[in-house]
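K.L.:
Once you've had a glance at the structure underneath, I'll fire off some questions.
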Amino acid sequence: MQPHSDHAPFICFPGKAKFIGELSVPVAPFDQKSGRETWTVAFAPDGSYFAWSQGHRIVRLVPWSKCLTKFSTSHSSEGTNPAGGHQDGDECRVPPAADEPCNHTIDCGDIVWGLAFGSSVPEKQSRCVNIEWHRFKFGQDQLLLATGLNNGRIKIWDVYTGKLLLNLMDHTDIVRDLTFAPDGSLMLVSASRDKTLRVWDLKDDGNMVKVLRGHQSWVYCSAFSPDSSTLCSVGAGKAVFLWNMDDYSLVRKLEGHHNDVVSCEFSPDGALLVTASYDTRVIVWDPYKGTILLEQGHLFPPPSPIFAGGANDRWVRSVSFCHDGRHIASIADDRLLRFWSIEEKAPQAIAGLASGLSCAFSTDGTVLAAGTRDGSVLFWACPRSTPPLQHLCRMALRRLMSTQQVEALVIPTPLCDYLAYRVL
């Protein structure tokens with residue numbers, strides 16, 4: 001480990017994250033300033049596609065396997081310099097066979113803030129009784145892309161054809177974030193600056209099921225738990241809300257942040273919830289009890305609540321939970337991308353990233369995609385290590401049991417603390 005320097009927020013330098021490649025778009029001479037932000041990036045649940053909002057109403061859909069092939073080819077010939085891994089989005093275009101996925105460029109008609117893939121695999125019945133009357137019958141091979149727009153509309157697209165299927169209109173302000181229930185029900189939740197979340201049933205031709213009210217200001221992000229029973233929503237005014245999605249009731253409000261909360265995600269087993277805030281911190285919570293398990297700071301020493309509640313150069317913009325259940329990635333305004341382990345308070349690896357806005361792990365958890373203000377997306381390899389057998393067993397158990405159920409087990413206290421993630 002290297003010694004501490006004035007430029008490092010932690011006592012020791014973490015490792016350097018491995019850069020893989022970049023997707024970017026051509027820039028016209030007059031198009032250098034605003035409107036090109038990649039507010040969101042997303043991977044399809046089956047790993048077949050990657051999508052990002054490249055600015056100026058445009059969403060790009062590219063086959064993920066072809067991108068990986070291109071990145072591998074670039075690195076084998078040009079090394080690991082980020083400039084060497086540069087790819088134009090069109091360079092992932094390879095003449096496809098009849099059954100292979102192909103690229104799509106979608107003009108959404110307005111600035112795109114939110115993206116989400118939805119799949120009806122595994123099949124789950126709609127809550128609507130008269131399903132046979134519906135205009136759309138989504139099959140198990142259907143893959144949808146939802147886009148949240150600046151004008152408050154939500155457009156639903158067929159990923160394989162690029163065709164517009166539905167146009168959902170009810171929000172009165174920007175749709176900042178979208179998320180599909182992971183159970184295949186095609187229930188979609190939209191988070192908006194109009195202070196509401198709205199629940200849509202795409203198997204019921206996109207009819208709105210419920211409006212979730214409670215936020216006093218903008219709603220920035222929402223995320224489903226892996227079993228689709230719980231929704232987390234975060235927003236301005238330190239808000240972190242948990243909702244029961246069976247009856248659409250507010251379960252609890254989590255208190256601990258000192259500034260706007262802008263990003264959230266559950267761990268793969270649903271036992272942990274991670275949130276990112278402008279207060280310079282990422283917090284890992286126990287969603288069942290609402291307690292803080294771990295704080296990962298982006299400023300050392302940690303700022304006072306007064307400083308954290310105002311403007312600073314360490315605002316955390318986005319956070320994502322890796323599918324191995326052990327790693328978290330965060331993007332902050334200090335021009336760094338950080339990879340964290342849930343077992344440590346200091347990052348495992350970092351990488352320089354100017355003007356980062358969004359991030360997401362690939363479906364297999366091996367790659368992190370990060371969107372920037374200039375419409376490009378950069379990719380890094382997630383730090384890899386063989387997970388201990390204890391952690392795998394803990395994840396398997398926690399997929400089925402809440403914290404309260406774990407605490408009711410007649411087992412030694414150290415084991416209970418480990419299963420409850422109090423000992424990470």
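Labels for the structure tokens follow display order: chains A, B, ..., residues from 1 in each chain, ligands from 1.
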Report as an mmCIF file with N, CA, C and O atoms, in the first residue's frame all protein, DNA and RNA residues lying within 10 Å of A:Arg193, evaluated on only C-alpha atoms, omitting residues in the same chain fewer than 2 positions from it.
P.N.:
data_model
loop_
_atom_site.group_PDB
_atom_site.id
_atom_site.type_symbol
_atom_site.label_atom_id
_atom_site.label_comp_id
_atom_site.auth_asym_id
_atom_site.auth_seq_id
_atom_site.Cartn_x
_atom_site.Cartn_y
_atom_site.Cartn_z
ATOM 1 N N ASN A 150 -38.440 14.244 -20.013
ATOM 2 C CA ASN A 150 -38.443 15.567 -19.414
ATOM 3 C C ASN A 150 -39.851 16.160 -19.318
ATOM 4 O O ASN A 150 -40.144 16.958 -18.432
ATOM 5 N N GLY A 152 -42.575 14.562 -18.595
ATOM 6 C CA GLY A 152 -43.422 13.800 -17.687
ATOM 7 C C GLY A 152 -44.004 12.538 -18.286
ATOM 8 O O GLY A 152 -44.712 11.797 -17.591
ATOM 9 N N HIS A 171 -47.735 11.946 -15.083
ATOM 10 C CA HIS A 171 -46.857 12.817 -14.295
ATOM 11 C C HIS A 171 -46.926 14.249 -14.831
ATOM 12 O O HIS A 171 -47.136 14.475 -16.026
ATOM 13 N N THR A 172 -46.706 15.193 -13.934
ATOM 14 C CA THR A 172 -46.765 16.607 -14.305
ATOM 15 C C THR A 172 -45.383 17.256 -14.319
ATOM 16 O O THR A 172 -45.268 18.457 -14.532
ATOM 17 N N ASP A 173 -44.332 16.462 -14.095
ATOM 18 C CA ASP A 173 -42.968 16.982 -14.131
ATOM 19 C C ASP A 173 -42.035 15.861 -14.581
ATOM 20 O O ASP A 173 -42.477 14.748 -14.869
ATOM 21 N N ILE A 174 -40.751 16.145 -14.607
ATOM 22 C CA ILE A 174 -39.747 15.203 -15.106
ATOM 23 C C ILE A 174 -39.874 13.833 -14.445
ATOM 24 O O ILE A 174 -40.003 13.729 -13.219
ATOM 25 N N VAL A 175 -39.834 12.774 -15.249
ATOM 26 C CA VAL A 175 -39.764 11.405 -14.730
ATOM 27 C C VAL A 175 -38.289 11.083 -14.540
ATOM 28 O O VAL A 175 -37.568 10.808 -15.499
ATOM 29 N N ARG A 176 -37.860 11.139 -13.300
ATOM 30 C CA ARG A 176 -36.423 11.050 -13.002
ATOM 31 C C ARG A 176 -35.896 9.628 -13.006
ATOM 32 O O ARG A 176 -34.717 9.395 -13.290
ATOM 33 N N ASP A 177 -36.750 8.637 -12.677
ATOM 34 C CA ASP A 177 -36.249 7.272 -12.558
ATOM 35 C C ASP A 177 -37.373 6.281 -12.812
ATOM 36 O O ASP A 177 -38.555 6.574 -12.558
ATOM 37 N N ALA A 191 -40.558 7.443 -10.718
ATOM 38 C CA ALA A 191 -40.286 8.464 -9.704
ATOM 39 C C ALA A 191 -40.135 9.803 -10.404
ATOM 40 O O ALA A 191 -39.418 9.903 -11.405
ATOM 41 N N LYS A 195 -43.159 14.999 -7.073
ATOM 42 C CA LYS A 195 -43.232 14.552 -5.672
ATOM 43 C C LYS A 195 -43.980 13.232 -5.503
ATOM 44 O O LYS A 195 -44.303 12.852 -4.370
ATOM 45 N N THR A 196 -44.248 12.517 -6.591
ATOM 46 C CA THR A 196 -44.993 11.266 -6.477
ATOM 47 C C THR A 196 -44.240 10.114 -7.137
ATOM 48 O O THR A 196 -43.339 10.310 -7.962
ATOM 49 N N LEU A 197 -44.658 8.910 -6.754
ATOM 50 C CA LEU A 197 -44.304 7.682 -7.464
ATOM 51 C C LEU A 197 -45.597 7.103 -8.010
ATOM 52 O O LEU A 197 -46.636 7.167 -7.354
ATOM 53 N N HIS A 215 -43.580 11.973 -0.294
ATOM 54 C CA HIS A 215 -42.411 12.832 -0.471
ATOM 55 C C HIS A 215 -42.856 14.292 -0.508
ATOM 56 O O HIS A 215 -43.867 14.637 -1.138
ATOM 57 N N SER A 217 -40.849 16.697 -1.669
ATOM 58 C CA SER A 217 -40.148 17.368 -2.765
ATOM 59 C C SER A 217 -39.802 16.320 -3.826
ATOM 60 O O SER A 217 -40.394 15.238 -3.853
ATOM 61 N N TRP A 218 -38.840 16.634 -4.685
ATOM 62 C CA TRP A 218 -38.488 15.753 -5.800
ATOM 63 C C TRP A 218 -38.197 14.324 -5.340
ATOM 64 O O TRP A 218 -37.577 14.105 -4.301
ATOM 65 N N VAL A 219 -38.622 13.360 -6.136
ATOM 66 C CA VAL A 219 -38.239 11.962 -5.934
ATOM 67 C C VAL A 219 -37.178 11.632 -6.980
ATOM 68 O O VAL A 219 -37.415 11.764 -8.173
ATOM 69 N N TYR A 220 -36.008 11.237 -6.510
ATOM 70 C CA TYR A 220 -34.879 11.026 -7.411
ATOM 71 C C TYR A 220 -34.786 9.599 -7.947
ATOM 72 O O TYR A 220 -34.387 9.383 -9.089
ATOM 73 N N GLY A 235 -35.292 10.825 -2.139
ATOM 74 C CA GLY A 235 -35.520 12.119 -2.757
ATOM 75 C C GLY A 235 -34.918 13.264 -1.977
ATOM 76 O O GLY A 235 -34.113 13.078 -1.055
ATOM 77 N N ALA A 236 -35.330 14.465 -2.358
ATOM 78 C CA ALA A 236 -34.843 15.672 -1.714
ATOM 79 C C ALA A 236 -35.311 15.728 -0.261
ATOM 80 O O ALA A 236 -36.290 15.079 0.120
#
K.L.:
A:Tyr248: which residues within 9 Å, counting only C-alpha atoms, same-chain residues fewer than 3 positions away excluded, as a list in words?
P.N.:
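Non-adjacent residues within range: Lys210, Val211, Leu212, Trp243, Asn244 and Met245 of chain A.
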K.L.:
Select, from A:Pro63, A:Gly21, A:Pro45, A:Gly256, the residue with the minimum atom-to-atom distance to A:Ala308, counting only C-alpha atoms.
P.N.:
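Among the listed residues, the smallest separation from A:Ala308 belongs to A:Gly256.
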K.L.:
Would you mind listing what lies within 12 Å of A:Leu400 as a count of residues only, with only C-alpha atoms counted and same-chain residues fewer than 3 positions away left out?
P.N.:
16
K.L.:
Given the choices A:Met401, A:Leu178, A:Leu144, A:Leu273, which gets closest to A:Gly114 if the distance is worked out from only C-alpha atoms?
P.N.:
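Checking each of A:Met401, A:Leu178, A:Leu144, A:Leu273 against A:Gly114, counting only C-alpha atoms, the winner is A:Leu178.
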K.L.:
Run DSSP on the backbone and give me the residues of stretch 126-367 of chain A it puts in helix (DSSP H, G or I), as a list in words.
P.N.:
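Selection result, helix (DSSP H, G or I) within stretch 126-367 of chain A: Ile131, Glu132, Trp133, Leu202, Lys203, Asp204, Pro305, Ile306, Phe307 and Ala308 of chain A.
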K.L.:
Using atom CA of A:Arg57 and atom CA of A:Asp110 as the two end points, give the distance in Å to one decimal.
P.N.:
4.7 Å
K.L.:
Between A:Arg398, A:Cys108, A:Ser320, A:Gly47, which one has atoms that come closest to A:Tyr418, using only C-alpha atoms?
P.N.:
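Of all the options, A:Arg398 lies closest to A:Tyr418.
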